[in-house]
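Here is the file run02.txt (compact mmCIF, C-alpha atoms (C1' of nucleotides)).
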# COMPACT_ATOMS: atom_id res chain seq x y z
CA MET A 533 -94.53 98.58 -54.79
CA ARG A 534 -96.60 99.68 -51.83
CA LEU A 535 -96.69 97.63 -48.62
CA ALA A 536 -99.10 98.60 -45.86
CA SER A 537 -100.26 97.73 -42.36
CA PHE A 538 -103.42 98.50 -40.41
CA ASN A 539 -104.36 97.55 -36.85
CA VAL A 540 -108.13 97.51 -37.35
CA ASN A 541 -109.20 96.76 -33.74
CA SER A 542 -111.97 94.39 -34.95
CA ILE A 543 -112.18 93.58 -38.67
CA ARG A 544 -115.95 93.20 -38.49
CA VAL A 545 -116.42 96.74 -37.18
CA ARG A 546 -113.75 98.27 -39.42
CA LEU A 547 -114.67 96.68 -42.74
CA PRO A 548 -115.88 100.03 -44.21
CA HIS A 549 -112.67 101.76 -43.09
CA LEU A 550 -110.62 98.99 -44.67
CA ARG A 551 -112.47 99.35 -48.00
CA ARG A 552 -111.92 103.11 -48.03
CA PHE A 553 -108.22 102.69 -47.21
CA LEU A 554 -107.82 100.24 -50.09
CA ALA A 555 -109.58 102.70 -52.43
CA ARG A 556 -107.50 105.68 -51.29
CA HIS A 557 -104.05 104.11 -51.20
CA ALA A 558 -104.22 100.92 -53.27
CA PRO A 559 -101.49 98.93 -51.48
CA ASP A 560 -100.06 95.91 -53.26
CA VAL A 561 -99.86 94.07 -49.94
CA LEU A 562 -101.70 94.98 -46.74
CA PHE A 563 -101.20 93.33 -43.34
CA LEU A 564 -103.96 93.57 -40.75
CA GLN A 565 -103.76 93.19 -36.97
CA GLU A 566 -106.26 92.77 -34.14
CA LEU A 567 -108.90 91.04 -36.23
CA LYS A 568 -110.72 90.10 -33.00
CA CYS A 569 -112.42 87.20 -34.72
CA ARG A 570 -111.96 83.52 -35.43
CA THR A 571 -110.45 82.52 -38.76
CA GLU A 572 -113.81 81.42 -40.18
CA GLN A 573 -115.36 84.78 -39.25
CA PHE A 574 -112.95 86.77 -41.42
CA PRO A 575 -115.08 88.53 -44.09
CA THR A 576 -113.40 86.89 -47.09
CA ALA A 577 -116.59 86.86 -49.17
CA ASP A 578 -117.34 90.53 -48.44
CA LEU A 579 -113.86 91.50 -49.63
CA ALA A 580 -113.77 89.27 -52.72
CA GLU A 581 -114.89 92.13 -54.96
CA THR A 582 -111.75 94.10 -54.07
CA GLY A 583 -109.71 91.66 -56.15
CA TYR A 584 -107.26 91.01 -53.33
CA ALA A 585 -106.24 87.50 -52.39
CA MET A 586 -106.45 86.96 -48.65
CA HIS A 587 -105.15 84.81 -45.86
CA ALA A 588 -106.39 85.25 -42.31
CA LEU A 589 -105.24 83.82 -39.01
CA GLY A 590 -107.89 84.33 -36.34
CA GLN A 591 -108.12 83.29 -32.72
CA ALA A 592 -110.87 82.05 -30.43
CA GLY A 593 -112.06 84.44 -27.76
CA GLY A 594 -112.00 87.57 -29.89
CA ARG A 595 -108.34 88.34 -29.29
CA ASN A 596 -105.39 89.13 -31.55
CA GLY A 597 -105.66 87.86 -35.13
CA VAL A 598 -103.62 88.82 -38.22
CA ALA A 599 -104.29 88.69 -41.95
CA VAL A 600 -102.84 89.67 -45.30
CA LEU A 601 -104.50 91.06 -48.41
CA SER A 602 -102.43 90.98 -51.59
CA ARG A 603 -102.96 91.74 -55.24
CA LEU A 604 -99.61 90.09 -55.96
CA PRO A 605 -99.48 86.29 -56.03
CA PHE A 606 -98.14 85.03 -52.71
CA ALA A 607 -97.35 81.93 -50.73
CA VAL A 608 -97.76 81.65 -46.95
CA THR A 609 -94.36 80.81 -45.44
CA ALA A 610 -95.29 80.87 -41.72
CA GLU A 611 -98.37 81.19 -39.52
CA ALA A 612 -96.44 81.51 -36.28
CA LEU A 613 -93.08 82.76 -35.08
CA PRO A 614 -90.77 79.80 -34.44
CA GLY A 615 -89.27 79.18 -31.04
CA ASP A 616 -92.21 78.58 -28.67
CA PRO A 617 -94.52 75.64 -29.39
CA ALA A 618 -96.70 76.65 -26.43
CA ASP A 619 -97.48 80.03 -28.04
CA GLU A 620 -100.78 79.66 -29.90
CA GLU A 621 -101.61 83.35 -30.20
CA ALA A 622 -102.38 84.64 -33.71
CA ARG A 623 -99.73 87.33 -33.99
CA TYR A 624 -97.42 86.41 -36.88
CA LEU A 625 -98.12 85.83 -40.56
CA GLU A 626 -95.32 85.56 -43.10
CA ILE A 627 -95.62 85.38 -46.87
CA GLU A 628 -93.42 85.49 -49.93
CA ALA A 629 -94.51 87.77 -52.77
CA ALA A 630 -92.49 89.26 -55.63
CA GLY A 631 -89.43 87.46 -54.27
CA ILE A 632 -89.73 89.21 -50.88
CA ARG A 633 -90.40 87.62 -47.50
CA MET A 634 -92.90 89.81 -45.65
CA ALA A 635 -94.06 89.41 -42.07
CA GLY A 636 -97.18 90.99 -40.60
CA ILE A 637 -96.87 91.16 -36.83
CA TYR A 638 -98.94 92.01 -33.78
CA LEU A 639 -96.29 92.20 -31.11
CA PRO A 640 -97.55 91.60 -27.54
CA ASN A 641 -98.37 94.76 -25.60
CA GLY A 642 -96.61 93.56 -22.44
CA ASN A 643 -98.53 95.73 -19.98
CA SER A 644 -101.03 93.04 -18.97
CA GLY A 645 -100.43 89.72 -17.31
CA GLY A 646 -97.93 91.05 -14.83
CA ALA A 647 -94.29 89.95 -14.96
CA ALA A 648 -95.19 86.94 -17.09
CA GLY A 649 -96.90 89.16 -19.68
CA PHE A 650 -93.89 91.43 -19.91
CA ALA A 651 -91.52 88.47 -20.16
CA PHE A 652 -93.65 87.04 -22.98
CA LYS A 653 -93.20 90.30 -24.90
CA LEU A 654 -89.42 90.20 -24.46
CA ARG A 655 -89.23 86.54 -25.52
CA TRP A 656 -91.45 87.28 -28.54
CA MET A 657 -89.06 90.05 -29.60
CA GLU A 658 -86.12 87.67 -29.23
CA ARG A 659 -87.91 85.12 -31.40
CA LEU A 660 -88.57 87.84 -33.98
CA LEU A 661 -84.87 88.71 -33.95
CA ALA A 662 -83.92 85.07 -34.48
CA GLN A 663 -86.32 84.78 -37.42
CA THR A 664 -84.98 88.03 -38.88
CA ARG A 665 -81.37 86.84 -38.56
CA ALA A 666 -82.28 83.57 -40.27
CA HIS A 667 -83.68 85.46 -43.27
CA LEU A 668 -80.83 87.95 -43.42
CA ASP A 669 -78.22 85.20 -43.08
CA ALA A 670 -79.84 83.52 -46.08
CA PHE A 671 -79.79 86.82 -48.00
CA ARG A 672 -83.57 86.84 -48.33
CA PRO A 673 -85.12 90.28 -48.84
CA PHE A 674 -87.28 90.71 -45.74
CA ALA A 675 -89.84 93.26 -44.57
CA ILE A 676 -91.62 93.38 -41.22
CA LEU A 677 -94.77 95.47 -40.97
CA GLY A 678 -97.25 95.78 -38.16
CA ASP A 679 -98.11 96.88 -34.67
CA PHE A 680 -94.84 96.56 -32.75
CA ASN A 681 -96.21 98.07 -29.51
CA VAL A 682 -92.84 99.83 -29.18
CA CYS A 683 -92.06 103.55 -29.20
CA PRO A 684 -88.41 103.24 -30.27
CA THR A 685 -87.25 106.64 -28.95
CA ASP A 686 -88.59 109.60 -27.00
CA ALA A 687 -89.35 111.26 -30.35
CA ASP A 688 -91.96 108.57 -30.90
CA LEU A 689 -94.54 109.59 -28.33
CA ALA A 690 -96.18 112.74 -27.01
CA PRO A 691 -94.11 113.99 -24.05
CA GLY A 692 -95.29 112.55 -20.77
CA LEU A 693 -97.91 110.31 -22.34
CA LEU A 694 -96.45 107.11 -20.89
CA ALA A 695 -94.59 106.31 -17.70
CA PRO A 696 -90.94 105.27 -18.24
CA THR A 697 -91.81 101.82 -16.93
CA ASP A 698 -94.59 101.31 -19.50
CA ALA A 699 -94.01 98.23 -21.66
CA LEU A 700 -94.14 100.36 -24.83
CA VAL A 701 -91.11 102.44 -23.82
CA HIS A 702 -89.36 100.18 -21.30
CA PRO A 703 -85.55 100.11 -21.74
CA GLU A 704 -85.55 96.31 -22.13
CA VAL A 705 -88.12 96.63 -24.93
CA ARG A 706 -86.31 99.46 -26.70
CA SER A 707 -83.08 97.49 -26.43
CA ARG A 708 -84.64 94.56 -28.26
CA PHE A 709 -86.06 96.88 -30.93
CA ARG A 710 -82.56 98.31 -31.45
CA ALA A 711 -81.25 94.75 -31.77
CA LEU A 712 -83.56 94.34 -34.77
CA LEU A 713 -82.04 97.47 -36.30
CA TRP A 714 -78.48 96.33 -35.53
CA SER A 715 -79.21 93.00 -37.20
CA GLY A 716 -79.52 94.96 -40.42
CA MET A 717 -83.14 96.12 -40.57
CA THR A 718 -83.99 99.75 -41.37
CA ASP A 719 -86.85 101.61 -39.69
CA ALA A 720 -88.42 103.06 -42.86
CA ALA A 721 -90.05 106.12 -41.33
CA ALA A 722 -87.04 107.04 -39.21
CA ALA A 723 -84.70 106.59 -42.18
CA LEU A 724 -86.74 109.26 -43.96
CA GLY A 725 -86.46 111.54 -40.93
CA GLN A 726 -90.09 110.99 -39.94
CA HIS A 727 -91.52 110.05 -36.56
CA PRO A 728 -95.26 110.19 -37.26
CA PHE A 729 -97.71 109.02 -34.65
CA THR A 730 -99.75 106.00 -35.72
CA TYR A 731 -101.91 105.49 -32.63
CA TRP A 732 -104.09 107.82 -30.57
CA ASP A 733 -106.22 106.77 -27.64
CA TYR A 734 -109.97 107.12 -28.04
CA GLY A 735 -111.30 110.39 -26.68
CA PRO A 736 -109.57 113.77 -27.15
CA ALA A 737 -106.10 112.37 -27.94
CA PHE A 738 -106.34 112.54 -31.74
CA GLU A 739 -107.62 116.11 -31.82
CA ALA A 740 -104.85 117.10 -29.40
CA ASN A 741 -102.32 114.98 -31.35
CA ARG A 742 -101.18 113.17 -28.25
CA GLY A 743 -100.17 109.91 -29.83
CA LEU A 744 -97.62 107.16 -30.20
CA ARG A 745 -95.49 105.86 -33.07
CA ILE A 746 -95.86 102.12 -32.61
CA ASP A 747 -96.74 100.85 -36.10
CA HIS A 748 -93.57 100.33 -38.12
CA ALA A 749 -92.10 99.03 -41.37
CA LEU A 750 -88.65 97.45 -41.05
CA LEU A 751 -86.67 96.67 -44.21
CA SER A 752 -83.71 94.43 -44.97
CA PRO A 753 -80.75 96.19 -46.69
CA GLU A 754 -81.75 95.51 -50.30
CA LEU A 755 -85.29 96.74 -49.62
CA ALA A 756 -84.02 99.78 -47.73
CA GLU A 757 -82.06 100.69 -50.88
CA ARG A 758 -85.41 100.80 -52.67
CA LEU A 759 -87.18 102.95 -50.03
CA GLN A 760 -89.04 105.83 -51.66
CA GLY A 761 -91.62 106.97 -49.14
CA PHE A 762 -93.59 106.34 -45.98
CA GLY A 763 -97.04 107.51 -45.02
CA VAL A 764 -99.73 107.44 -42.35
CA ASP A 765 -103.39 107.57 -43.41
CA LEU A 766 -104.73 110.16 -40.96
CA LEU A 767 -108.06 110.20 -42.78
CA ALA A 768 -108.82 106.69 -41.54
CA ARG A 769 -108.26 107.81 -37.95
CA ALA A 770 -110.44 110.90 -38.45
CA GLU A 771 -113.45 108.94 -39.74
CA GLU A 772 -116.49 107.93 -37.73
CA GLN A 773 -116.08 104.90 -35.43
CA PRO A 774 -112.37 104.58 -36.23
CA SER A 775 -109.74 102.15 -35.08
CA ASP A 776 -107.41 103.68 -32.51
CA HIS A 777 -104.58 103.06 -35.03
CA ALA A 778 -104.07 104.71 -38.43
CA PRO A 779 -102.90 102.63 -41.42
CA ILE A 780 -99.28 103.02 -42.54
CA TRP A 781 -97.61 102.31 -45.87
CA VAL A 782 -94.12 102.16 -47.34
CA ASP A 783 -93.27 102.66 -51.02
CA LEU A 784 -90.42 100.72 -52.65
CA ALA A 785 -88.96 101.36 -56.08
CA ASP A 786 -89.92 98.62 -58.54
C1' DA B 1354 -100.48 107.76 -13.38
C1' DT B 1355 -104.33 106.60 -16.20
C1' DG B 1356 -108.87 103.09 -19.83
C1' DC B 1357 -113.24 108.72 -18.84
C1' DC B 1358 -113.25 104.48 -24.94
C1' DG B 1359 -114.10 100.41 -27.63
C1' DC B 1360 -114.35 95.51 -28.42
C1' DG B 1361 -115.77 90.74 -27.49
C1' DC B 1362 -117.85 87.65 -24.60
C1' DT B 1363 -121.11 80.97 -23.39
C1' DA B 1364 -121.91 88.97 -21.26
C1' DT B 1365 -125.61 92.34 -18.42
C1' DG B 1366 -119.58 93.31 -15.59
C1' DC B 1367 -114.95 91.94 -16.82
C1' DG B 1368 -110.48 91.48 -19.22
C1' DC B 1369 -107.94 93.52 -22.40
C1' DG B 1370 -106.00 96.97 -25.33
C1' DA B 1371 -101.85 101.18 -25.32
Please re-express this file's structure in structure tokens.
Amino acid sequence: MRLASFNVNSIRVRLPHLRRFLARHAPDVLFLQELKCRTEQFPTADLAETGYAMHALGQAGGRNGVAVLSRLPFAVTAEALPGDPADEEARYLEIEAAGIRMAGIYLPNGNSGGAAGFAFKLRWMERLLAQTRAHLDAFRPFAILGDFNVCPTDADLAPGLLAPTDALVHPEVRSRFRALLWSGMTDAAAALGQHPFTYWDYGPAFEANRGLRIDHALLSPELAERLQGFGVDLLARAEEQPSDHAPIWVDLAD
DNA sequence: ATGCCGCGCTATGCGCGA
């Protein structure tokens, strides 16, 4: 089984890249982030020919937005992370497919909005931890894929690319990422000894390979036992008019 | 220490992304 994630940075602009990724890597389930469209603008009809079933969660104002494409039957189990009724941002989509709970996330960046924006990121991570614990306590196989906006360690970014106070590497943020790992989740790439970059700024960064590892797949223990491989689709990042993120995928034994 | 890109928007500069 192949699970994948792709921050498209506008689904309407990146529709051709999405099609090519599906053709190249044929994921069973693919989570998308940064749709930058409203729910009704998601190109469901354009993608119908791919054979994937879809569920999109857009947002007014062209911000955020997450979706899932699946060729396995699935049920939507959550369209928001519990714990903050005032949070109406489209950043969390959870499904159950093949007996596995899977969450696609677009974790807040935390660099904008001043102290309140950073605090929102920390609270969001604490809510994600609570949701993770609830699933693990119930012995539900659980996978989290998406744009975490966290470089977990110094091996996960080009040296000197970010200031130590940046919200992607801030100690308080890394601490909360580690709490997810301590709860029982396995960082799939790191478990395979890989720290591949998944994001490069527009401009010369990709050619110079000055990037960040911020897109991750986290697996509950029973899924980690099935971990067979992890990959980053560099071709998608090398194409014309790319997203600033590359798609990632994780392979699990059937 | 940073947005020189890229995207969306009741636009024609700004906020945001990382």
By how many Å are CA of Leu547 (chain A) and CA of Thr582 (chain A) apart? 12.0 Å
Chain B residues within 9 Å of chain A, counting all atoms listed in the file: which ones, as a PyMOL selection string? chain B and resi 1354+1357-1362+1369-1371
One-decimal distance in Å that lies between CA of Glu704 (chain A) and CA of Lys653 (chain A): 10.1 Å
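The residue set within 7 Å of Glu611 (chain A), counting all atoms listed in the file and dropping same-chain residues fewer than 3 places from it, reads A:Tyr624, A:Leu625, A:Glu626.
Proximity to Ala580 (chain A) was assessed for A:His702, A:Glu739, A:Arg603, A:Val598 counting only C-alpha atoms; the smallest distance is recorded for A:Arg603.
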Hey, could you pull the box centre and edge lengths for region 724-743 of chain A, axis-aligned, 3 Å padding per side, all listed atoms, to one decimal in Å, as lines of an AutoDock Vina configuration file?
center_x = -98.9
center_y = 111.3
center_z = -35.3
size_x = 30.8
size_y = 17.6
size_z = 23.3
Would you kindly return, as a CSV table (one decimal) with C-alpha atoms, in the frame of the given file, each protein, DNA or RNA residue with an atom no farther than 10 Å from any atom of Ala687 (chain A), considering only C-alpha atoms (C1' of nucleotides) and excluding same-chain residues fewer than 4 positions away?
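Okay, around.csv is ready:
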chain,number,residue,atom,x,y,z
A,683,CYS,CA,-92.1,103.6,-29.2
A,691,PRO,CA,-94.1,114.0,-24.0
A,726,GLN,CA,-90.1,111.0,-39.9
A,727,HIS,CA,-91.5,110.0,-36.6
A,728,PRO,CA,-95.3,110.2,-37.3
A,729,PHE,CA,-97.7,109.0,-34.6
A,744,LEU,CA,-97.6,107.2,-30.2
A,745,ARG,CA,-95.5,105.9,-33.1
If we count all atoms listed in the file, what is near Thr664 (chain A) at a cut-off of 10 Å, once residues fewer than 5 positions away on the same chain are taken out, given as number ranges by chain? A: 635, 658-659, 669-670, 672, 674-676, 712, 715-717, 752
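Residues lying within 8 Å of (-100.1, 89.9, -37.3). Counted over all atoms listed in the file, they are Phe563, Leu564, Gln565, Glu566, Asn596, Gly597, Val598, Ala599, Ala622, Arg623, Tyr624, Leu625, Ala635, Gly636, Ile637, Tyr638, Leu639, Gly678 and Asp679 of chain A.
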What does the distance from CA of Asn539 (chain A) to CA of His777 (chain A) come to in Å, to one decimal? 5.8 Å
